[in-house]
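> Just so it is clear, I am handing over start01.cif, which has mmCIF, C-alpha atoms and all ligand atoms.
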data_coords
loop_
_atom_site.label_atom_id
_atom_site.label_comp_id
_atom_site.auth_asym_id
_atom_site.auth_seq_id
_atom_site.Cartn_x
_atom_site.Cartn_y
_atom_site.Cartn_z
CA MET A 242 8.28 -9.84 22.52
CA VAL A 243 5.47 -7.93 20.82
CA GLY A 244 5.93 -4.18 20.95
CA ILE A 245 7.53 -1.07 19.55
CA ASN A 246 11.31 -1.08 19.40
CA PRO A 247 12.39 2.58 19.24
CA ASP A 248 15.89 1.39 18.34
CA GLY A 249 14.64 -0.94 15.61
CA THR A 250 16.00 -1.08 12.08
CA LEU A 251 13.80 1.86 11.00
CA ARG A 252 14.89 4.23 13.78
CA GLY A 253 15.11 7.77 12.38
CA LYS A 254 13.20 6.86 9.21
CA VAL A 255 10.01 8.60 8.14
CA ALA A 256 7.36 6.39 6.53
CA LEU A 257 4.23 7.54 4.69
CA VAL A 258 1.51 4.90 4.29
CA THR A 259 -1.60 5.61 2.22
CA GLY A 260 -4.95 3.91 2.80
CA ALA A 261 -4.09 3.39 6.47
CA SER A 262 -7.44 4.12 8.10
CA ARG A 263 -8.13 0.37 8.06
CA GLY A 264 -7.16 -2.96 6.54
CA ILE A 265 -3.75 -3.71 5.07
CA GLY A 266 -2.54 -0.09 5.24
CA GLU A 267 -3.19 0.05 8.98
CA ALA A 268 -1.25 -3.20 9.50
CA ILE A 269 1.70 -1.92 7.43
CA ALA A 270 1.79 1.33 9.41
CA VAL A 271 1.85 -0.60 12.69
CA ARG A 272 4.61 -2.94 11.47
CA LEU A 273 6.86 -0.06 10.34
CA ALA A 274 6.25 1.77 13.64
CA MET A 275 7.25 -1.39 15.54
CA GLU A 276 10.72 -0.99 14.00
CA GLY A 277 11.02 2.58 15.24
CA ALA A 278 9.88 4.45 12.11
CA LYS A 279 8.00 7.72 12.48
CA VAL A 280 4.85 6.93 10.54
CA VAL A 281 2.47 9.29 8.77
CA VAL A 282 -0.79 7.60 7.86
CA SER A 283 -3.27 8.93 5.35
CA ALA A 284 -6.79 8.30 4.03
CA ARG A 285 -10.08 10.22 3.83
CA THR A 286 -11.50 8.97 7.14
CA ALA A 287 -9.96 10.73 10.12
CA GLU A 288 -12.71 10.38 12.72
CA ALA A 289 -15.57 7.99 13.54
CA GLY A 290 -18.73 8.70 11.55
CA GLU A 291 -16.91 9.90 8.41
CA SER A 292 -17.17 6.51 6.68
CA LYS A 293 -19.63 3.63 6.67
CA LEU A 294 -16.66 1.29 7.09
CA PRO A 295 -14.87 0.60 10.38
CA GLY A 296 -11.50 2.22 11.03
CA THR A 297 -10.17 5.76 11.17
CA LEU A 298 -6.78 7.45 10.96
CA HIS A 299 -7.24 8.44 14.57
CA ASP A 300 -7.62 4.77 15.58
CA THR A 301 -4.47 3.84 13.65
CA ILE A 302 -2.27 6.46 15.29
CA ASP A 303 -3.80 5.75 18.73
CA ARG A 304 -2.90 2.06 18.28
CA ILE A 305 0.72 2.99 17.50
CA ARG A 306 1.05 5.71 20.15
CA ALA A 307 -0.48 3.48 22.85
CA MET A 308 2.52 1.19 22.44
CA GLY A 309 5.00 4.07 22.51
CA GLY A 310 5.44 4.50 18.76
CA GLN A 311 5.50 7.72 16.77
CA ALA A 312 2.65 8.43 14.38
CA ALA A 313 0.69 11.31 12.88
CA PHE A 314 -2.09 11.46 10.33
CA VAL A 315 -2.89 13.63 7.34
CA LYS A 316 -6.42 13.43 6.03
CA ALA A 317 -6.29 13.47 2.23
CA ASP A 318 -8.32 12.39 -0.77
CA LEU A 319 -5.82 10.85 -3.17
CA SER A 320 -8.06 11.54 -6.14
CA THR A 321 -7.17 15.23 -5.88
CA GLU A 322 -3.84 16.76 -6.85
CA ALA A 323 -4.00 19.44 -4.16
CA ASP A 324 -4.49 16.82 -1.41
CA ARG A 325 -1.57 14.72 -2.66
CA GLU A 326 0.71 17.76 -2.60
CA ARG A 327 -0.52 18.81 0.83
CA LEU A 328 -0.08 15.25 2.11
CA VAL A 329 3.63 15.14 1.32
CA ALA A 330 4.15 18.71 2.54
CA GLU A 331 2.41 18.04 5.88
CA ALA A 332 4.10 14.66 6.36
CA THR A 333 7.47 16.34 5.82
CA ALA A 334 6.57 19.17 8.20
CA ALA A 335 5.53 16.64 10.87
CA PHE A 336 8.53 14.30 10.85
CA GLY A 337 10.96 15.30 8.07
CA ALA A 338 11.53 14.11 4.50
CA VAL A 339 9.85 10.83 3.60
CA ASP A 340 12.27 7.85 3.49
CA ILE A 341 9.63 5.15 2.89
CA LEU A 342 6.51 5.59 0.77
CA VAL A 343 3.91 2.81 0.78
CA ASN A 344 1.28 3.25 -1.93
CA ASN A 345 -1.50 1.07 -0.55
CA ALA A 346 -4.80 3.00 -0.96
CA ALA A 347 -7.29 1.73 -3.49
CA VAL A 348 -10.87 2.30 -4.52
CA THR A 349 -12.30 -0.63 -6.48
CA PHE A 350 -15.45 -1.30 -8.45
CA PHE A 351 -16.15 -4.74 -9.87
CA ILE A 352 -18.24 -4.10 -13.00
CA PRO A 353 -18.04 -5.81 -16.42
CA VAL A 354 -16.25 -3.81 -19.15
CA GLU A 355 -19.40 -3.39 -21.22
CA THR A 356 -21.10 -1.25 -18.58
CA PHE A 357 -18.11 0.22 -16.72
CA PRO A 358 -18.79 3.96 -16.25
CA LYS A 359 -16.01 6.33 -17.38
CA LYS A 360 -16.29 8.29 -14.14
CA ARG A 361 -15.47 5.20 -12.06
CA PHE A 362 -12.72 4.14 -14.47
CA ASP A 363 -11.10 7.57 -14.08
CA LEU A 364 -11.40 7.46 -10.28
CA MET A 365 -9.79 4.02 -10.05
CA MET A 366 -6.94 5.04 -12.36
CA GLU A 367 -6.44 8.30 -10.45
CA VAL A 368 -6.29 6.65 -6.98
CA GLN A 369 -4.58 3.36 -7.90
CA VAL A 370 -2.17 4.43 -10.65
CA TRP A 371 -1.69 8.18 -10.93
CA ALA A 372 -1.63 8.85 -7.15
CA PRO A 373 1.26 6.36 -6.54
CA PHE A 374 3.04 7.88 -9.55
CA HIS A 375 2.49 11.46 -8.38
CA LEU A 376 3.35 10.74 -4.72
CA SER A 377 6.55 9.11 -5.94
CA GLN A 378 7.34 12.25 -7.94
CA LEU A 379 6.79 14.31 -4.78
CA VAL A 380 9.11 12.22 -2.55
CA LEU A 381 11.83 11.39 -5.09
CA PRO A 382 13.74 14.71 -4.91
CA SER A 383 14.53 14.35 -1.18
CA MET A 384 15.28 10.62 -1.58
CA ARG A 385 17.64 11.39 -4.43
CA GLU A 386 19.33 14.05 -2.33
CA LYS A 387 19.85 11.55 0.51
CA LYS A 388 20.83 8.81 -1.97
CA SER A 389 18.42 6.56 -0.09
CA GLY A 390 14.74 5.67 -0.15
CA TRP A 391 12.18 2.89 -0.43
CA ILE A 392 8.89 2.86 -2.32
CA VAL A 393 6.56 -0.13 -1.95
CA ASN A 394 3.47 -0.38 -4.14
CA ILE A 395 0.64 -2.69 -3.13
CA SER A 396 -0.65 -4.66 -6.09
CA SER A 397 -2.86 -7.74 -6.46
CA PRO A 398 -2.83 -11.06 -8.31
CA ALA A 399 -5.67 -9.41 -10.29
CA GLY A 400 -2.87 -7.77 -12.31
CA ILE A 401 -1.98 -11.14 -13.86
CA HIS A 402 -3.61 -12.11 -17.15
CA PRO A 403 -6.68 -14.34 -16.64
CA LYS A 404 -6.37 -17.92 -17.85
CA GLN A 405 -8.95 -20.52 -18.78
CA PRO A 406 -11.25 -21.70 -17.33
CA TYR A 407 -12.54 -18.10 -17.31
CA ASN A 408 -14.60 -16.55 -14.54
CA ARG A 409 -16.92 -14.68 -16.87
CA ARG A 410 -18.77 -12.76 -14.17
CA GLY A 411 -15.68 -11.43 -12.42
CA GLY A 412 -15.87 -7.75 -13.37
CA GLY A 413 -12.27 -7.34 -12.26
CA THR A 414 -10.78 -6.23 -15.58
CA VAL A 415 -10.29 -2.58 -14.63
CA TYR A 416 -8.89 -3.55 -11.22
CA GLY A 417 -6.44 -5.84 -13.01
CA MET A 418 -5.54 -3.06 -15.47
CA CYS A 419 -4.74 -0.70 -12.58
CA LYS A 420 -2.53 -3.25 -10.82
CA ALA A 421 -0.76 -4.28 -14.04
CA ALA A 422 0.05 -0.60 -14.64
CA LEU A 423 1.24 -0.19 -11.04
CA GLU A 424 3.57 -3.19 -11.41
CA ARG A 425 5.05 -1.94 -14.68
CA PHE A 426 5.48 1.51 -13.12
CA THR A 427 7.34 -0.14 -10.21
CA THR A 428 9.89 -1.98 -12.32
CA GLY A 429 10.36 1.04 -14.60
CA LEU A 430 10.96 3.44 -11.71
CA ALA A 431 13.24 0.89 -10.00
CA SER A 432 15.44 0.95 -13.05
CA GLU A 433 15.34 4.78 -13.34
CA VAL A 434 16.43 5.41 -9.74
CA TYR A 435 18.76 2.45 -9.22
CA ASP A 436 21.87 4.65 -9.20
CA ASP A 437 20.29 6.93 -6.58
CA GLY A 438 20.07 4.18 -3.94
CA ILE A 439 16.26 4.08 -4.07
CA ALA A 440 14.43 0.74 -3.98
CA VAL A 441 11.05 0.39 -5.67
CA ASN A 442 9.12 -2.85 -5.16
CA VAL A 443 5.69 -4.46 -5.19
CA ILE A 444 3.97 -6.65 -2.65
CA SER A 445 0.97 -8.42 -4.06
CA PRO A 446 -1.31 -9.62 -1.25
CA GLY A 447 -3.37 -12.75 -1.59
CA LEU A 448 -6.89 -12.68 -0.15
CA VAL A 449 -6.85 -10.81 3.19
CA ASP A 450 -9.83 -10.22 5.47
CA THR A 451 -10.27 -6.41 5.44
CA PRO A 452 -13.25 -4.04 5.51
CA GLY A 453 -12.79 -3.46 1.76
CA VAL A 454 -12.93 -7.18 1.01
CA ALA A 455 -16.02 -7.53 3.20
CA VAL A 456 -17.83 -4.84 1.16
CA HIS A 457 -17.26 -6.86 -2.00
CA GLY A 458 -18.16 -10.16 -0.30
CA LEU A 459 -14.95 -11.76 -1.57
CA ILE A 460 -14.63 -14.25 1.28
CA ASN A 461 -17.04 -17.15 0.88
CA GLU A 462 -17.16 -20.95 1.03
CA GLN A 463 -15.02 -21.26 -2.13
CA THR A 464 -12.35 -18.74 -1.11
CA LYS A 465 -12.16 -18.97 2.69
CA ASP A 466 -9.26 -21.42 2.69
CA ARG A 467 -7.10 -18.97 0.72
CA VAL A 468 -7.37 -16.14 3.30
CA GLN A 469 -3.92 -14.91 4.38
CA PRO A 470 -3.09 -13.38 7.76
CA ILE A 471 -2.68 -9.60 7.45
CA GLY A 472 0.64 -9.85 9.34
CA PHE A 473 2.21 -11.63 6.34
CA ILE A 474 1.62 -8.61 4.13
CA ALA A 475 2.82 -6.14 6.76
CA GLU A 476 6.00 -8.18 7.34
CA ALA A 477 6.76 -8.50 3.63
CA VAL A 478 6.30 -4.75 3.12
CA TYR A 479 8.59 -4.02 6.07
CA ARG A 480 11.27 -6.26 4.57
CA LEU A 481 11.07 -4.57 1.17
CA ALA A 482 11.04 -1.17 2.89
CA SER A 483 14.31 -1.91 4.64
CA GLY A 484 16.24 -4.10 2.19
CA ASP A 485 19.44 -3.17 0.37
CA PRO A 486 18.35 -1.00 -2.60
CA LYS A 487 21.21 -2.44 -4.65
CA THR A 488 19.92 -6.00 -4.45
CA MET A 489 16.31 -5.79 -3.33
CA THR A 490 14.63 -3.62 -5.93
CA GLY A 491 12.40 -4.02 -8.97
CA ARG A 492 10.71 -7.01 -7.38
CA VAL A 493 7.07 -8.03 -7.73
CA ASP A 494 6.63 -10.30 -4.74
CA TYR A 495 3.93 -12.29 -3.01
CA ALA A 496 4.22 -12.05 0.75
CA GLU A 497 4.49 -15.70 1.71
CA PRO A 498 7.14 -16.77 -0.83
CA LEU A 499 9.20 -13.66 -0.02
CA LEU A 500 9.17 -14.43 3.70
CA LYS A 501 10.09 -18.04 2.92
CA GLU A 502 12.96 -16.90 0.73
CA LEU A 503 14.23 -14.63 3.51
CA GLY A 504 13.63 -17.27 6.19
CA ILE A 505 11.45 -14.93 8.24
CA ALA A 506 8.31 -15.58 10.29
CA PRO A 507 5.92 -12.60 10.47
CA ALA A 508 6.07 -10.62 13.72
CA GLU A 509 2.88 -10.36 15.75
CA LEU A 510 1.35 -6.88 15.28
CA VAL A 511 0.89 -4.62 18.32
P1 LIG B 1 -9.66 -1.45 2.19
O1 LIG B 1 -10.01 -2.19 3.41
O2 LIG B 1 -10.74 -1.13 1.20
O3 LIG B 1 -8.89 -0.11 2.54
C1 LIG B 1 -8.57 0.79 1.50
C2 LIG B 1 -7.90 2.01 2.06
O4 LIG B 1 -7.75 2.97 0.98
C3 LIG B 1 -8.70 2.68 3.15
O5 LIG B 1 -7.83 3.12 4.17
C4 LIG B 1 -9.34 3.85 2.42
O6 LIG B 1 -9.54 4.89 3.36
C5 LIG B 1 -8.27 4.22 1.40
N1 LIG B 1 -8.78 4.99 0.27
C6 LIG B 1 -9.72 4.60 -0.62
N2 LIG B 1 -9.98 5.61 -1.47
C7 LIG B 1 -9.18 6.65 -1.12
C8 LIG B 1 -8.99 7.96 -1.61
N3 LIG B 1 -9.69 8.45 -2.65
N4 LIG B 1 -8.08 8.75 -1.00
C9 LIG B 1 -7.38 8.30 0.07
N5 LIG B 1 -7.51 7.07 0.58
C10 LIG B 1 -8.41 6.25 -0.01
O7 LIG B 1 -8.54 -2.22 1.33
P2 LIG B 1 -7.54 -3.42 1.70
O8 LIG B 1 -8.26 -4.69 1.47
O9 LIG B 1 -6.87 -3.14 2.97
O10 LIG B 1 -6.50 -3.27 0.48
C11 LIG B 1 -5.34 -2.48 0.57
C12 LIG B 1 -4.53 -2.68 -0.71
O11 LIG B 1 -4.25 -4.07 -0.91
C13 LIG B 1 -5.23 -2.21 -1.96
O12 LIG B 1 -4.28 -1.65 -2.84
C14 LIG B 1 -5.79 -3.49 -2.55
O13 LIG B 1 -5.98 -3.41 -3.94
C15 LIG B 1 -4.69 -4.46 -2.20
N6 LIG B 1 -5.13 -5.86 -2.15
C16 LIG B 1 -5.96 -6.29 -1.15
C17 LIG B 1 -6.34 -7.62 -1.11
C18 LIG B 1 -7.23 -8.15 -0.04
O14 LIG B 1 -7.62 -9.33 -0.11
N7 LIG B 1 -7.58 -7.38 1.00
C19 LIG B 1 -5.87 -8.52 -2.08
C20 LIG B 1 -5.02 -8.05 -3.08
C21 LIG B 1 -4.65 -6.73 -3.10
P3 LIG B 1 -10.76 5.96 3.39
O15 LIG B 1 -11.99 5.24 2.94
O16 LIG B 1 -10.74 6.37 4.82
O17 LIG B 1 -10.29 7.01 2.46
#
Show me the file's structure as structure tokens.
Ligand code: NAP


Amino acid sequence: MVGINPDGTLRGKVALVTGASRGIGEAIAVRLAMEGAKVVVSARTAEAGESKLPGTLHDTIDRIRAMGGQAAFVKADLSTEADRERLVAEATAAFGAVDILVNNAAVTFFIPVETFPKKRFDLMMEVQVWAPFHLSQLVLPSMREKKSGWIVNISSPAGIHPKQPYNRRGGGTVYGMCKAALERFTTGLASEVYDDGIAVNVISPGLVDTPGVAVHGLINEQTKDRVQPIGFIAEAVYRLASGDPKTMTGRVDYAEPLLKELGIAPAELV
């Protein structure tokens, strides 16, 4: 049955999902809510008209609440320190200390290295690398106190070193640098907090049809057969956000192989 199970495996857990006004973040928020988590979603777009792209935080929480789930939103720009601090404070005030943090938000520019502007480089590093790091710093004290917590960082195969034959016009070097840093951060933090019962993992989506991907025109005749259902990513994140922190931590996983390994078919999203 498709729906929200208030007595699901995440009952009583508080989840914070960034970049959840649309795309993969929205799907992850819905999947966690389906298991009974109280979900706080965040992004810059709260209401219609605030972005050129479809999707708002309001839509995401309406989708969850319409099915009987618990959700709230905090509008925040992850490129600013004050917003990141306010985000965790307001999420905690809404539902209690964060048990599950999903660092999903990303801003991406595809520009060759030679002409990549410093301002855009700094923004990508701030949102994709420093924000996950800082948000982790903000939630770790309460996780440590509870001796329990889950952090899932959303990476990309772009973080893997390119191999020949080279795609010389890609412009994805800085994107790859951000994701490589995020992955190394993940495994490093997993090792630092292992004794505190906190799991830190990566899910690396393949190509998924989202508003962000549409902006960059990444789905075309050559790539269309590689498109993955968004539910695969949401399911894989849910599994890493609920696994045993003693055995399921420090992993850099692709959604489909992880689900195969666990013998799980993705649930249909509400
Ligand atoms: P998307 O459609 O572009 O959505 C990105 C989300 O990040 C939006 O909710 C956006 O919300 C938020 N965001 C961007 N800048 C922000 C900022 N400064 N502060 C707060 N929130 C911000 O992206 P997606 O395709 O769903 O991708 C989600 C994640 O998966 C990203 O980490 C991406 O790198 C990764 N990924 C995606 C694919 C794919 O094929 N889709 C493949 C590999 C990896 P606002 O604009 O409302 O702020």

> What's the separation between CA of Arg272 (chain A) and CA of Glu288 (chain A), in Å to one decimal place?

21.9 Å

> Counting only C-alpha atoms and all ligand atoms, which residues in chain A sit no more than 7 Å from ligand LIG 1 (chain B)? For each one, give the nearest pair of atoms and the distance in Å, sorted by chain then residue number, as a Markdown table.


| residue | atom | partner | partner_atom | distance |
| --- | --- | --- | --- | --- |
| A:Thr259 | CA | B:LIG1 | N5 | 6.3 |
| A:Gly260 | CA | B:LIG1 | O5 | 3.3 |
| A:Ala261 | CA | B:LIG1 | O5 | 4.4 |
| A:Ser262 | CA | B:LIG1 | O5 | 4.1 |
| A:Arg263 | CA | B:LIG1 | O5 | 4.8 |
| A:Gly264 | CA | B:LIG1 | O9 | 3.6 |
| A:Ile265 | CA | B:LIG1 | O9 | 3.8 |
| A:Gly266 | CA | B:LIG1 | O9 | 5.8 |
| A:Ser283 | CA | B:LIG1 | N5 | 6.6 |
| A:Ala284 | CA | B:LIG1 | N5 | 3.7 |
| A:Arg285 | CA | B:LIG1 | O17 | 3.5 |
| A:Thr286 | CA | B:LIG1 | O16 | 3.6 |
| A:Ala287 | CA | B:LIG1 | O16 | 6.9 |
| A:Ser292 | CA | B:LIG1 | O15 | 6.5 |
| A:Thr297 | CA | B:LIG1 | O16 | 6.4 |
| A:Ala317 | CA | B:LIG1 | C9 | 5.7 |
| A:Asp318 | CA | B:LIG1 | N4 | 3.7 |
| A:Leu319 | CA | B:LIG1 | N4 | 3.8 |
| A:Ser320 | CA | B:LIG1 | N3 | 4.9 |
| A:Asn345 | CA | B:LIG1 | O12 | 4.5 |
| A:Ala346 | CA | B:LIG1 | O4 | 3.5 |
| A:Ala347 | CA | B:LIG1 | O12 | 4.6 |
| A:Val348 | CA | B:LIG1 | N2 | 4.6 |
| A:Val368 | CA | B:LIG1 | N3 | 5.8 |
| A:Ile395 | CA | B:LIG1 | O12 | 5.0 |
| A:Ser396 | CA | B:LIG1 | C21 | 5.4 |
| A:Ser397 | CA | B:LIG1 | C21 | 3.9 |
| A:Pro398 | CA | B:LIG1 | C20 | 6.4 |
| A:Ser445 | CA | B:LIG1 | C21 | 5.9 |
| A:Pro446 | CA | B:LIG1 | C20 | 4.4 |
| A:Gly447 | CA | B:LIG1 | C19 | 4.9 |
| A:Leu448 | CA | B:LIG1 | O14 | 3.4 |
| A:Val449 | CA | B:LIG1 | O14 | 3.7 |
| A:Asp450 | CA | B:LIG1 | N7 | 5.8 |
| A:Thr451 | CA | B:LIG1 | O1 | 4.7 |
| A:Pro452 | CA | B:LIG1 | O1 | 4.3 |
| A:Gly453 | CA | B:LIG1 | O2 | 3.2 |
| A:Val454 | CA | B:LIG1 | O8 | 5.3 |

> Please report the interatomic distance between CA of Pro295 (chain A) and CA of Lys254 (chain A) in Å with one decimal.

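These two atoms are separated by 28.8 Å.
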
> For Ala256 (chain A), which residue among A:Gly277, A:Pro403, A:Gly244, A:Gly412 is the nearest when counting all atoms listed in the file?

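Nearest to Ala256 (chain A): A:Gly277.
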
> With distances taken over only C-alpha atoms, which of A:Gly290, A:Gly491, A:Gly253, A:Pro507 is nearest to Gly429 (chain A)?

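Comparing A:Gly290, A:Gly491, A:Gly253, A:Pro507 against Gly429 (chain A), the winner is A:Gly491.
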
> Provide the CA of Val441 (chain A) to CA of Met308 (chain A) distance in Å, to one decimal place.

29.4 Å

> Could you give me, as a tab-separated table, a per-residue list for region 414-436 of chain A showing, wherever an atom lies at most 12 Å from an atom of region 377-384 of chain A, the closest pair of atoms and their distance in Å to one decimal, using all atoms listed in the file and sorting by chain then residue number from low to high?


residue	atom	partner	partner_atom	distance
A:Leu423	CA	A:Ser377	CA	11.9
A:Phe426	CA	A:Ser377	CA	10.5
A:Thr427	CA	A:Ser377	CA	10.2
A:Leu430	CA	A:Ser377	CA	9.2
A:Ala431	CA	A:Ser377	CA	11.3
A:Glu433	CA	A:Leu381	CA	11.1
A:Val434	CA	A:Leu381	CA	8.9
A:Tyr435	CA	A:Met384	CA	11.7
A:Asp436	CA	A:Met384	CA	11.7

> For those residues, write C-alpha atoms to a file as a compact mmCIF listing (two decimals), keeping the file's coordinate frame.


# COMPACT_ATOMS: atom_id res chain seq x y z
CA LEU A 423 1.24 -0.19 -11.04
CA PHE A 426 5.48 1.51 -13.12
CA THR A 427 7.34 -0.14 -10.21
CA LEU A 430 10.96 3.44 -11.71
CA ALA A 431 13.24 0.89 -10.00
CA GLU A 433 15.34 4.78 -13.34
CA VAL A 434 16.43 5.41 -9.74
CA TYR A 435 18.76 2.45 -9.22
CA ASP A 436 21.87 4.65 -9.20

> Give me the residues near Gly337 (chain A) as a PyMOL selection string, where near means some atom within 12 Å (using all atoms listed in the file) and where sequence neighbours in that chain fewer than 2 positions away do not count.

chain A and resi 253-257+278-281+329-335+339-341+380+383-384

> Out of A:Gly390, A:Pro358, A:Gln469, A:Arg304, which residue has the shortest atom-to-atom distance to Ser483 (chain A) when counting only C-alpha atoms?

A:Gly390

> Using all atoms listed in the file, find the one residue out of A:Arg492, A:Ala270, A:Gly458, A:Cys419 that sits nearest to Asp303 (chain A).

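Among the listed residues, the smallest separation from Asp303 (chain A) belongs to A:Ala270.
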
> Compare A:Leu298, A:Asp437, A:Lys487, A:Val493 by their minimum atom-to-atom distance to Lys420 (chain A), counting all atoms listed in the file, and give me the closest one.

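Looking at the shortest contact to Lys420 (chain A), the residue is A:Val493.
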
> Determine, counting all atoms listed in the file, which protein, DNA and RNA residues have an atom within 9 Å of an atom of Ala372 (chain A); residues of the same chain fewer than 2 positions away are not included. Present the result as a ChimeraX atom specification.

/A:319-322,325,344,366-370,374-377

> Mind checking which residues fall within 12 Å of Thr414 (chain A), counting only C-alpha atoms, ignoring those fewer than 2 positions away in the same chain, and posting them as a list of chain:residue names?

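The residues satisfying every condition are A:Thr349, A:Phe350, A:Phe351, A:Ile352, A:Pro353, A:Val354, A:Glu355, A:Thr356, A:Phe357, A:Phe362, A:Met365, A:Pro398, A:Ala399, A:Gly400, A:Ile401, A:His402, A:Pro403, A:Asn408, A:Arg409, A:Arg410, A:Gly411, A:Gly412, A:Tyr416, A:Gly417, A:Met418, A:Cys419, A:Lys420, A:Ala421.
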
> Choose the residue, out of A:Thr250, A:Gln405, A:Asn461, A:Asn394, that has the smallest atom-to-atom separation from Glu424 (chain A); count all atoms listed in the file.

A:Asn394

> Taking every listed atom of region 437-455 of chain A and adding 8 Å to each side, what centre and edge lengths in Å (one decimal) does the axis-aligned box have, as AutoDock Vina command-line options?


--center_x 2.1 --center_y -2.9 --center_z -0.5 --size_x 52.3 --size_y 35.7 --size_z 28.1

> Do a neighbour search on Ala508 (chain A) at 10 Å with only C-alpha atoms, toss out local chain neighbours closer than 3 positions, and write the hits as a list in words.

Met242, Val243, Gly244, Arg272, Met275, Gly472, Phe473, Ala475, Glu476, Ile505 and Val511 of chain A

> Output C-alpha atoms of each residue in that selection to a file, as a PDB file, keeping the file's coordinate frame.


ATOM      1  CA  MET A 242       8.280  -9.840  22.520  1.00  0.00           C
ATOM      2  CA  VAL A 243       5.470  -7.930  20.820  1.00  0.00           C
ATOM      3  CA  GLY A 244       5.930  -4.180  20.950  1.00  0.00           C
ATOM      4  CA  ARG A 272       4.610  -2.940  11.470  1.00  0.00           C
ATOM      5  CA  MET A 275       7.250  -1.390  15.540  1.00  0.00           C
ATOM      6  CA  GLY A 472       0.640  -9.850   9.340  1.00  0.00           C
ATOM      7  CA  PHE A 473       2.210 -11.630   6.340  1.00  0.00           C
ATOM      8  CA  ALA A 475       2.820  -6.140   6.760  1.00  0.00           C
ATOM      9  CA  GLU A 476       6.000  -8.180   7.340  1.00  0.00           C
ATOM     10  CA  ILE A 505      11.450 -14.930   8.240  1.00  0.00           C
ATOM     11  CA  VAL A 511       0.890  -4.620  18.320  1.00  0.00           C
TER      12      VAL A 511
END
